[in-house]
>>> print(open('upload35.cif').read())   # mmCIF, C-alpha atoms
data_work
loop_
_atom_site.label_atom_id
_atom_site.label_comp_id
_atom_site.auth_asym_id
_atom_site.auth_seq_id
_atom_site.Cartn_x
_atom_site.Cartn_y
_atom_site.Cartn_z
CA MET A 542 107.10 77.90 120.74
CA SER A 543 109.35 77.86 117.73
CA THR A 544 111.80 75.08 118.55
CA GLU A 545 112.35 73.22 115.32
CA THR A 546 113.45 69.85 116.67
CA PRO A 547 110.70 68.45 118.90
CA GLY A 548 111.43 67.95 122.58
CA ILE A 549 114.36 70.38 122.82
CA ASP A 550 113.94 72.84 125.65
CA PRO A 551 117.35 73.97 126.94
CA LEU A 552 115.80 74.93 130.29
CA LEU A 553 113.60 71.86 130.75
CA ALA A 554 115.55 70.44 133.69
CA LEU A 555 115.50 73.79 135.47
CA ARG A 556 111.85 74.77 135.08
CA ALA A 557 109.66 74.91 138.18
CA PRO A 558 105.95 75.71 138.66
CA ARG A 559 106.56 79.19 140.08
CA ASP A 560 109.04 80.28 137.44
CA PRO A 561 108.15 83.31 135.33
CA ALA A 562 106.33 82.51 132.10
CA CYS A 563 108.85 84.66 130.23
CA ASP A 564 112.42 83.44 129.80
CA VAL A 565 113.75 86.57 128.11
CA PHE A 566 112.31 90.06 127.76
CA LEU A 567 113.58 92.70 125.37
CA THR A 568 112.45 95.95 123.84
CA GLY A 569 113.58 98.11 120.95
CA THR A 570 112.87 99.13 117.40
CA VAL A 571 111.50 96.67 114.85
CA PHE A 572 112.50 97.45 111.27
CA LEU A 573 111.28 95.88 108.10
CA ASP A 574 114.51 94.57 106.57
CA ILE A 575 114.72 94.23 102.79
CA ILE A 576 117.91 92.40 101.83
CA PHE A 577 119.34 92.38 98.32
CA THR A 578 121.75 89.52 97.68
CA GLY A 579 123.79 88.25 94.77
CA LEU A 580 125.50 91.60 94.16
CA ASP A 581 128.98 91.33 92.68
CA SER A 582 130.07 94.67 94.11
CA ALA A 583 128.79 97.79 95.79
CA PRO A 584 126.34 99.89 93.77
CA VAL A 585 128.08 102.49 91.62
CA ARG A 586 126.86 106.07 91.61
CA GLY A 587 124.77 106.89 88.58
CA THR A 588 124.16 103.26 87.62
CA GLU A 589 121.48 100.65 88.22
CA SER A 590 122.48 97.40 89.93
CA TRP A 591 120.48 94.21 89.66
CA ALA A 592 120.52 91.74 92.55
CA ARG A 593 120.17 88.01 91.93
CA GLY A 594 118.22 87.51 95.14
CA MET A 595 116.05 89.31 97.66
CA GLY A 596 114.57 88.59 101.05
CA SER A 597 112.51 90.44 103.60
CA SER A 598 112.05 89.91 107.31
CA PRO A 599 111.53 91.72 110.60
CA GLY A 600 114.82 93.34 111.63
CA GLY A 601 116.27 95.53 114.35
CA VAL A 602 115.43 94.12 117.78
CA ALA A 603 113.46 91.38 115.98
CA ASN A 604 116.79 89.75 115.05
CA MET A 605 117.55 89.11 118.72
CA ALA A 606 113.99 88.10 119.59
CA THR A 607 113.87 85.61 116.74
CA ALA A 608 117.26 84.12 117.61
CA LEU A 609 116.15 83.59 121.23
CA ALA A 610 112.80 82.06 120.26
CA ARG A 611 114.38 79.64 117.78
CA LEU A 612 116.63 78.35 120.57
CA GLY A 613 113.57 77.41 122.60
CA LEU A 614 113.38 80.35 125.01
CA HIS A 615 110.00 81.86 125.83
CA THR A 616 110.57 85.35 124.47
CA SER A 617 108.57 88.52 125.11
CA LEU A 618 109.10 91.61 122.96
CA ALA A 619 107.81 95.14 123.61
CA ALA A 620 107.92 97.19 120.42
CA ALA A 621 105.94 99.67 118.38
CA PHE A 622 104.51 98.49 115.06
CA GLY A 623 103.14 100.68 112.30
CA ASP A 624 99.59 100.10 111.10
CA ASP A 625 100.85 99.82 107.52
CA HIS A 626 101.33 96.56 105.62
CA TYR A 627 104.96 96.41 106.75
CA GLY A 628 103.94 96.56 110.40
CA GLU A 629 101.24 93.94 109.91
CA TYR A 630 103.74 91.67 108.17
CA CYS A 631 106.37 92.04 110.92
CA TRP A 632 103.83 91.43 113.69
CA ASP A 633 102.49 88.33 111.95
CA ALA A 634 105.96 86.94 111.21
CA LEU A 635 107.07 87.35 114.83
CA GLU A 636 103.92 86.27 116.64
CA GLN A 637 102.56 83.57 114.34
CA GLY A 638 105.79 82.54 112.67
CA GLU A 639 108.19 82.54 115.61
CA GLY A 640 105.90 82.21 118.63
CA ILE A 641 107.15 85.45 120.22
CA ASP A 642 104.90 87.01 122.86
CA LEU A 643 103.86 90.49 121.67
CA SER A 644 101.39 91.25 124.46
CA MET A 645 103.62 94.14 125.58
CA SER A 646 103.76 95.56 122.05
CA ARG A 647 101.38 98.00 120.39
CA THR A 648 100.24 99.08 116.95
CA VAL A 649 100.52 102.83 116.36
CA PRO A 650 97.77 104.27 114.12
CA GLY A 651 99.08 106.45 111.32
CA TRP A 652 102.73 105.64 111.96
CA HIS A 653 104.74 103.94 109.25
CA SER A 654 107.22 101.19 109.99
CA PRO A 655 110.96 101.91 110.01
CA VAL A 656 112.66 100.29 107.01
CA THR A 657 116.22 99.16 106.33
CA VAL A 658 117.48 98.17 102.90
CA SER A 659 120.59 96.00 103.15
CA MET A 660 122.88 95.12 100.26
CA ALA A 661 125.12 92.12 100.85
CA TYR A 662 128.26 91.56 98.80
CA GLU A 663 131.78 90.22 99.35
CA GLY A 664 130.87 89.06 102.86
CA GLU A 665 129.98 92.60 103.92
CA ARG A 666 126.85 94.73 103.89
CA THR A 667 125.77 98.28 103.16
CA MET A 668 122.56 99.55 104.71
CA VAL A 669 120.19 102.47 104.21
CA SER A 670 117.50 103.06 106.84
CA HIS A 671 114.52 105.38 107.27
CA GLY A 672 112.10 105.87 110.13
CA HIS A 673 110.46 108.33 112.49
CA GLU A 674 109.88 108.30 116.24
CA ALA A 675 106.69 106.61 117.32
CA PRO A 676 104.28 108.87 119.22
CA PRO A 677 104.08 108.15 122.97
CA PRO A 678 101.36 105.87 124.33
CA ALA A 679 98.18 107.67 125.36
CA GLY A 680 98.51 109.20 128.79
CA THR A 681 102.28 109.73 128.74
CA ALA A 682 104.02 113.05 128.53
CA GLY A 683 107.11 114.19 126.69
CA PRO A 684 108.83 112.79 123.63
CA ALA A 685 108.96 109.02 123.20
CA ALA A 686 111.26 107.22 120.82
CA VAL A 687 110.21 104.11 118.98
CA THR A 688 112.34 102.24 121.52
CA THR A 689 109.78 103.00 124.29
CA PRO A 690 106.80 101.16 122.87
CA ALA A 691 104.56 100.07 125.73
CA PRO A 692 100.78 99.82 125.58
CA ASP A 693 100.75 100.91 129.24
CA PRO A 694 102.38 104.15 130.43
CA VAL A 695 103.95 102.34 133.42
CA PHE A 696 105.86 99.92 131.19
CA PRO A 697 109.29 101.61 131.29
CA HIS A 698 109.29 101.05 135.08
CA CYS A 699 107.40 97.75 135.23
CA PRO A 700 108.67 95.17 132.71
CA PRO A 701 107.24 91.65 132.96
CA ARG A 702 108.81 89.16 135.32
CA ALA A 703 111.46 87.20 133.41
CA ARG A 704 114.51 85.03 133.89
CA ALA A 705 116.59 87.40 131.78
CA ALA A 706 116.43 90.60 129.78
CA VAL A 707 118.60 91.88 126.94
CA ALA A 708 119.49 95.57 126.78
CA SER A 709 121.55 97.76 124.49
CA LEU A 710 123.42 100.37 126.53
CA THR A 711 123.71 103.96 125.33
CA PRO A 712 126.17 106.41 126.94
CA GLY A 713 124.42 108.94 129.13
CA ARG A 714 120.97 107.40 128.72
CA PRO A 715 119.78 105.08 131.51
CA GLU A 716 116.68 103.00 130.81
CA PRO A 717 114.45 102.76 133.92
CA TRP A 718 113.10 99.37 132.88
CA VAL A 719 116.58 97.79 133.15
CA ALA A 720 116.88 98.53 136.85
CA ALA A 721 113.28 97.40 137.39
CA ALA A 722 113.92 94.12 135.58
CA ALA A 723 117.04 93.48 137.65
CA ARG A 724 115.15 94.17 140.89
CA GLY A 725 112.55 91.66 139.72
CA GLY A 726 115.21 88.96 139.49
CA ALA A 727 116.03 89.08 135.77
CA LEU A 728 119.63 88.59 134.70
CA ILE A 729 120.55 91.52 132.44
CA PHE A 730 122.65 90.83 129.35
CA ALA A 731 123.87 93.94 127.57
CA ASP A 732 125.79 94.97 124.50
CA VAL A 733 126.80 98.47 123.47
CA GLY A 734 127.19 100.41 120.27
CA TRP A 735 129.86 102.79 119.06
CA ASP A 736 130.26 105.77 121.40
CA GLU A 737 129.55 108.76 119.18
CA THR A 738 130.65 111.12 121.96
CA GLY A 739 134.18 109.73 121.81
CA ARG A 740 134.43 109.67 125.61
CA TRP A 741 134.36 105.89 126.05
CA ASP A 742 133.54 106.25 129.73
CA LEU A 743 132.17 103.23 131.57
CA ASP A 744 130.68 105.54 134.19
CA ALA A 745 128.50 106.97 131.39
CA LEU A 746 126.79 103.54 131.21
CA PRO A 747 124.80 103.61 134.47
CA ASP A 748 122.83 100.49 133.64
CA LEU A 749 126.08 98.50 133.59
CA ALA A 750 125.71 98.26 137.37
CA HIS A 751 122.59 96.10 136.86
CA CYS A 752 124.16 93.71 134.34
CA GLU A 753 124.96 90.05 134.77
CA ALA A 754 126.91 90.03 131.51
CA PHE A 755 128.41 92.68 129.26
CA LEU A 756 129.24 91.64 125.68
CA PRO A 757 131.13 94.32 123.69
CA ASN A 758 133.32 93.62 120.68
CA ALA A 759 137.10 93.85 120.95
CA GLU A 760 137.39 97.46 119.76
CA GLU A 761 134.66 98.68 122.07
CA ALA A 762 136.10 96.77 125.04
CA MET A 763 139.62 98.16 124.55
CA ARG A 764 138.38 101.73 124.16
CA TYR A 765 136.24 101.55 127.28
CA THR A 766 139.06 100.07 129.38
CA ARG A 767 141.96 102.03 127.85
CA THR A 768 143.79 98.79 127.10
CA ASP A 769 145.54 97.58 123.95
CA CYS A 770 144.58 93.90 124.26
CA PRO A 771 141.01 92.55 124.16
CA ARG A 772 141.83 89.87 126.73
CA ALA A 773 143.17 92.47 129.13
CA ALA A 774 140.02 94.48 128.44
CA ALA A 775 137.85 91.51 129.41
CA HIS A 776 139.65 91.18 132.75
CA ALA A 777 139.25 94.90 133.38
CA LEU A 778 135.52 94.71 132.58
CA ALA A 779 135.15 91.75 134.94
CA ASP A 780 135.84 94.20 137.77
CA ARG A 781 132.58 95.93 136.81
CA VAL A 782 130.27 93.02 135.85
CA PRO A 783 129.98 89.36 136.88
CA LEU A 784 130.54 88.16 133.29
CA ALA A 785 132.63 90.01 130.71
CA VAL A 786 132.51 88.59 127.20
CA VAL A 787 134.59 90.13 124.41
CA THR A 788 133.98 89.01 120.84
CA LEU A 789 137.17 88.76 118.77
CA GLY A 790 135.76 88.49 115.26
CA ALA A 791 137.58 85.82 113.27
CA GLU A 792 139.52 84.82 116.41
CA GLY A 793 136.44 83.77 118.38
CA ALA A 794 135.56 85.08 121.84
CA TYR A 795 137.09 85.49 125.29
CA ALA A 796 135.20 85.62 128.58
CA VAL A 797 136.04 86.22 132.23
CA ASP A 798 133.91 85.28 135.23
CA GLY A 799 134.32 88.22 137.60
CA ARG A 800 133.09 86.17 140.57
CA THR A 801 135.69 83.40 140.29
CA GLY A 802 138.36 84.92 138.04
CA ALA A 803 138.01 81.98 135.64
CA ALA A 804 138.56 82.73 131.96
CA ALA A 805 137.57 80.87 128.80
CA GLU A 806 138.49 81.32 125.15
CA VAL A 807 136.94 79.60 122.15
CA PRO A 808 138.18 79.97 118.56
CA ALA A 809 135.79 80.93 115.79
CA ILE A 810 134.37 78.31 113.45
CA GLU A 811 135.58 78.78 109.89
CA VAL A 812 132.65 79.24 107.53
CA GLU A 813 131.97 80.94 104.23
CA ALA A 814 130.42 84.20 105.39
CA LEU A 815 127.71 85.50 103.08
CA ASP A 816 126.08 88.15 105.25
CA PRO A 817 127.07 89.22 108.79
CA THR A 818 123.71 90.94 109.46
CA GLY A 819 122.44 89.96 112.90
CA ALA A 820 125.44 87.76 113.80
CA GLY A 821 126.09 89.75 116.97
CA ASP A 822 122.47 89.33 118.04
CA VAL A 823 122.65 85.60 117.44
CA PHE A 824 125.87 85.36 119.47
CA VAL A 825 124.19 87.09 122.43
CA ALA A 826 121.14 84.81 122.11
CA GLY A 827 123.37 81.73 122.20
CA PHE A 828 125.22 83.01 125.26
CA VAL A 829 121.97 83.87 127.05
CA THR A 830 120.68 80.36 126.34
CA GLY A 831 123.78 78.69 127.74
CA THR A 832 123.83 80.93 130.81
CA LEU A 833 120.18 80.31 131.68
CA ALA A 834 120.79 76.58 131.17
CA ASP A 835 123.73 76.83 133.61
CA TRP A 836 126.34 75.43 131.21
CA PRO A 837 130.07 75.85 131.86
CA LEU A 838 131.46 79.16 130.63
CA ALA A 839 133.47 77.60 127.78
CA ASP A 840 130.40 75.71 126.53
CA ARG A 841 128.38 78.94 126.49
CA LEU A 842 131.05 80.66 124.44
CA ALA A 843 131.33 77.74 122.04
CA PHE A 844 127.56 77.56 121.56
CA ALA A 845 127.26 81.32 121.01
CA GLY A 846 130.06 81.21 118.44
CA LEU A 847 128.48 78.23 116.69
CA THR A 848 125.07 79.86 116.35
CA ALA A 849 126.66 83.08 115.06
CA ALA A 850 128.75 81.12 112.53
CA LEU A 851 125.68 79.27 111.25
CA SER A 852 123.84 82.56 110.84
CA VAL A 853 126.46 84.27 108.63
CA GLN A 854 126.26 81.43 106.12
CA GLU A 855 122.78 82.66 105.17
CA PHE A 856 121.45 86.04 104.11
CA GLY A 857 119.45 88.34 106.33
CA GLY A 858 119.19 89.02 110.05
CA SER A 859 116.24 87.17 111.59
CA LEU A 860 115.92 85.04 108.45
CA SER A 861 119.32 83.46 109.13
CA ALA A 862 119.04 82.85 112.89
CA PRO A 863 119.57 79.11 113.41
CA GLY A 864 117.29 76.82 115.36
CA TRP A 865 117.92 73.37 116.76
CA ALA A 866 117.35 71.70 113.39
CA GLU A 867 120.25 73.63 111.85
CA ILE A 868 122.45 72.98 114.89
CA ALA A 869 121.69 69.26 114.79
CA ALA A 870 122.37 69.10 111.05
CA TRP A 871 125.73 70.85 111.53
CA TRP A 872 126.73 68.49 114.34
CA GLN A 873 125.91 65.46 112.23
CA LEU A 874 127.82 66.86 109.27
CA VAL A 875 131.06 67.77 111.05
CA ARG A 876 131.31 64.37 112.72
CA THR A 877 131.27 62.67 109.34
CA CYS A 878 134.03 64.86 107.85
CA ASP A 879 137.41 63.14 107.78
CA ARG A 880 139.20 66.47 107.99
CA GLN A 881 137.83 67.35 111.43
CA ALA A 882 140.40 67.21 114.22
CA PRO A 883 139.22 65.12 117.19
CA ALA A 884 140.20 67.89 119.61
CA ALA A 885 138.04 70.39 117.74
CA LEU A 886 135.06 68.04 117.83
CA GLU A 887 135.53 67.49 121.54
CA ARG A 888 134.87 71.18 122.15
CA TYR A 889 131.25 70.61 121.03
CA ALA A 890 130.69 67.21 122.63
CA PHE A 891 128.23 68.82 125.04
CA LEU A 892 125.78 68.93 122.12
CA ASP A 893 125.36 65.15 122.39
CA ASP A 894 123.33 65.63 125.57
CA LEU A 895 121.07 68.18 123.88
CA LEU A 896 120.42 66.93 120.39
CA PRO A 897 118.52 63.85 119.17
CA ALA A 898 120.47 60.94 117.69
CA THR A 899 119.31 61.92 114.22
CA ALA A 900 118.52 65.36 112.92
CA ARG A 901 115.14 65.79 111.30
CA ALA A 902 113.48 68.64 109.51
CA TRP A 903 110.66 70.25 111.38
CA PRO A 904 108.07 72.40 109.61
CA LEU A 905 108.24 75.93 110.92
CA ARG A 906 106.41 78.92 109.53
CA ARG A 907 108.97 81.68 109.08
CA ALA A 908 109.12 85.03 107.38
CA VAL A 909 108.27 84.62 103.71
CA PRO A 910 110.81 86.00 101.23
CA THR A 911 108.60 88.79 99.92
CA ILE A 912 105.76 90.73 101.45
CA GLY A 913 103.24 90.16 98.69
CA PHE A 914 102.89 86.40 99.25
CA ARG A 915 100.65 84.87 101.90
CA GLN A 916 100.75 81.32 103.18
#
>>> encode(input="upload35.cif", output="structure tokens")
Amino acid sequence: MSTETPGIDPLLALRAPRDPACDVFLTGTVFLDIIFTGLDSAPVRGTESWARGMGSSPGGVANMATALARLGLHTSLAAAFGDDHYGEYCWDALEQGEGIDLSMSRTVPGWHSPVTVSMAYEGERTMVSHGHEAPPPAGTAGPAAVTTPAPDPVFPHCPPRARAAVASLTPGRPEPWVAAAARGGALIFADVGWDETGRWDLDALPDLAHCEAFLPNAEEAMRYTRTDCPRAAAHALADRVPLAVVTLGAEGAYAVDGRTGAAAEVPAIEVEALDPTGAGDVFVAGFVTGTLADWPLADRLAFAGLTAALSVQEFGGSLSAPGWAEIAAWWQLVRTCDRQAPAALERYAFLDDLLPATARAWPLRRAVPTIGFRQ
């Protein structure tokens, strides 16, 4: 397991012999991400731009899987991998480097890995992606996207037993495995992308009925609820799901517990943002961790915001996902800064019960910066 500070298991006090071996299950498309950094501006048509830095790492759903694993959760990923060097690299980085269980994944002969090139500049990013659908597993019928990557044809209906699962909802497209995971006792955490149909209809998200938590951004939440305030949108969503969490960008996040009506709001941590790639995935991973650990709602929000803030200070998606070593180092640093307001520090006092008295580096094999090198 890829916890970086020894002894930190956020679920240790809750684990029992008959618990599922998997804490979180997820499935989706793994991309090879190639990130160019150190660009002063966007590339100009007809010119050549030189970047001062470059990194590569597994991307796509691997961002979320890596963020979960680095927070100490036993993570299982079902994905298709190409049998090219890119696919081999991504598999190795996730399984050997991050300790992610890939027993539900498969290598597809003759299929090349999807690739995203990301250019980071001025705190933003521009991406170009390429990929093809993976062929279906042997014995299945009909078209299969790369997001249905099981080695067994029954997988979409029989995911592994897990405490939680993370899904990305798509209007008009239910995923059978989501309902199956919920019936098996998994808490479903879901986000959603931009509705290309323009309908913004919650009834077009059938898997929402299986969700424990729904985590859209402010714009998505307001469009789906026909409201003009993200906080009002969160309360409206709490009529549909037990936990509605709306991310507010630079303002932080707001959440409503639909069971009790309780609400919590946590401001964002001010950081120098270098690359926002994967920040949303890291936020969800932090919130999943706090929920499974049964923390108070405000602590979950604060922790999710902290992990997302730490991630945007570095380049790349999965490369920048923080682990406990980075969290411990941040907590030590902010407590020694004279400029920190005591009230602001109090918001994160719950970390004292999680982190060791002194932060220490912990060797962890992670994705190497370029594909050609081997450790």
>>> resolve_selection(input="upload35.cif", expression="the PyMOL selection byres ((chain A and resi 872) around 9)", output="ChimeraX atom specification")
/A:867-871,873-877,889,892-893,896,900
>>> residues_around(input="upload35.cif", residues="Ala721 of chain A", least_positions_apart="2", cutoff="8 Å", atoms="only C-alpha atoms", output="list in words")
His698, Cys699, Pro700, Pro717, Trp718, Val719, Ala723, Arg724 and Gly725 of chain A
>>> atom_distance(input="upload35.cif", atom1="atom CA of Val658 of chain A", atom2="atom CA of Ala675 of chain A")
19.9 Å
>>> closest_residue(input="upload35.cif", among="A:Leu895, A:Cys878, A:Val782, A:Ala777", to="Glu753 of chain A", atoms="only C-alpha atoms")
A:Val782
>>> residues_around(input="upload35.cif", residues="segment 817-822 of chain A", least_positions_apart="2", cutoff="7 Å", atoms="all atoms listed in the file", output="list in words")
Asn604, Met605, Glu665, Ala814, Leu815, Phe824, Val825, Ala826, Ala849, Ser852, Val853, Gly857, Gly858 and Ser859 of chain A
>>> residues_around(input="upload35.cif", residues="Ala809 of chain A", least_positions_apart="5", cutoff="6 Å", atoms="only C-alpha atoms", output="JSON, numbers by chain")
{"A": [791, 792, 793]}
>>> atom_distance(input="upload35.cif", atom1="atom CA of Tyr627 of chain A", atom2="atom CA of Ala610 of chain A")
21.2 Å
>>> closest_residue(input="upload35.cif", among="A:Val823, A:Leu838, A:Leu743, A:Ala727", to="Thr801 of chain A", atoms="all atoms listed in the file")
A:Leu838
>>> closest_residue(input="upload35.cif", among="A:Thr570, A:Gln637, A:Thr711, A:Thr648", to="Ala745 of chain A", atoms="only C-alpha atoms")
A:Thr711
>>> closest_residue(input="upload35.cif", among="A:Glu663, A:Glu887, A:Asp894, A:Asp625", to="Pro551 of chain A", atoms="all atoms listed in the file")
A:Asp894
>>> resolve_selection(input="upload35.cif", expression="the PyMOL selection byres ((chain A and resi 728-734) around 6)", output="list in words")
Ala705, Ala706, Val707, Ala708, Ser709, Leu710, Ala727, Trp735, Cys752, Glu753, Ala754, Phe755, Leu756 and Pro757 of chain A
>>> closest_residue(input="upload35.cif", among="A:Leu580, A:Ala634, A:Ala774, A:Arg611", to="Thr848 of chain A", atoms="all atoms listed in the file")
A:Arg611
>>> atom_distance(input="upload35.cif", atom1="atom CA of Val812 of chain A", atom2="atom CA of Leu851 of chain A")
7.9 Å
>>> closest_atom_pairs(input="upload35.cif", of="segment 630-743 of chain A", to="segment 860-865 of chain A", cutoff="12 Å", atoms="only C-alpha atoms", output="CSV")
residue,atom,partner,partner_atom,distance
A:Ala634,CA,A:Leu860,CA,10.5
A:Leu635,CA,A:Leu860,CA,11.2
A:Gly638,CA,A:Leu860,CA,11.3
A:Glu639,CA,A:Gly864,CA,10.8
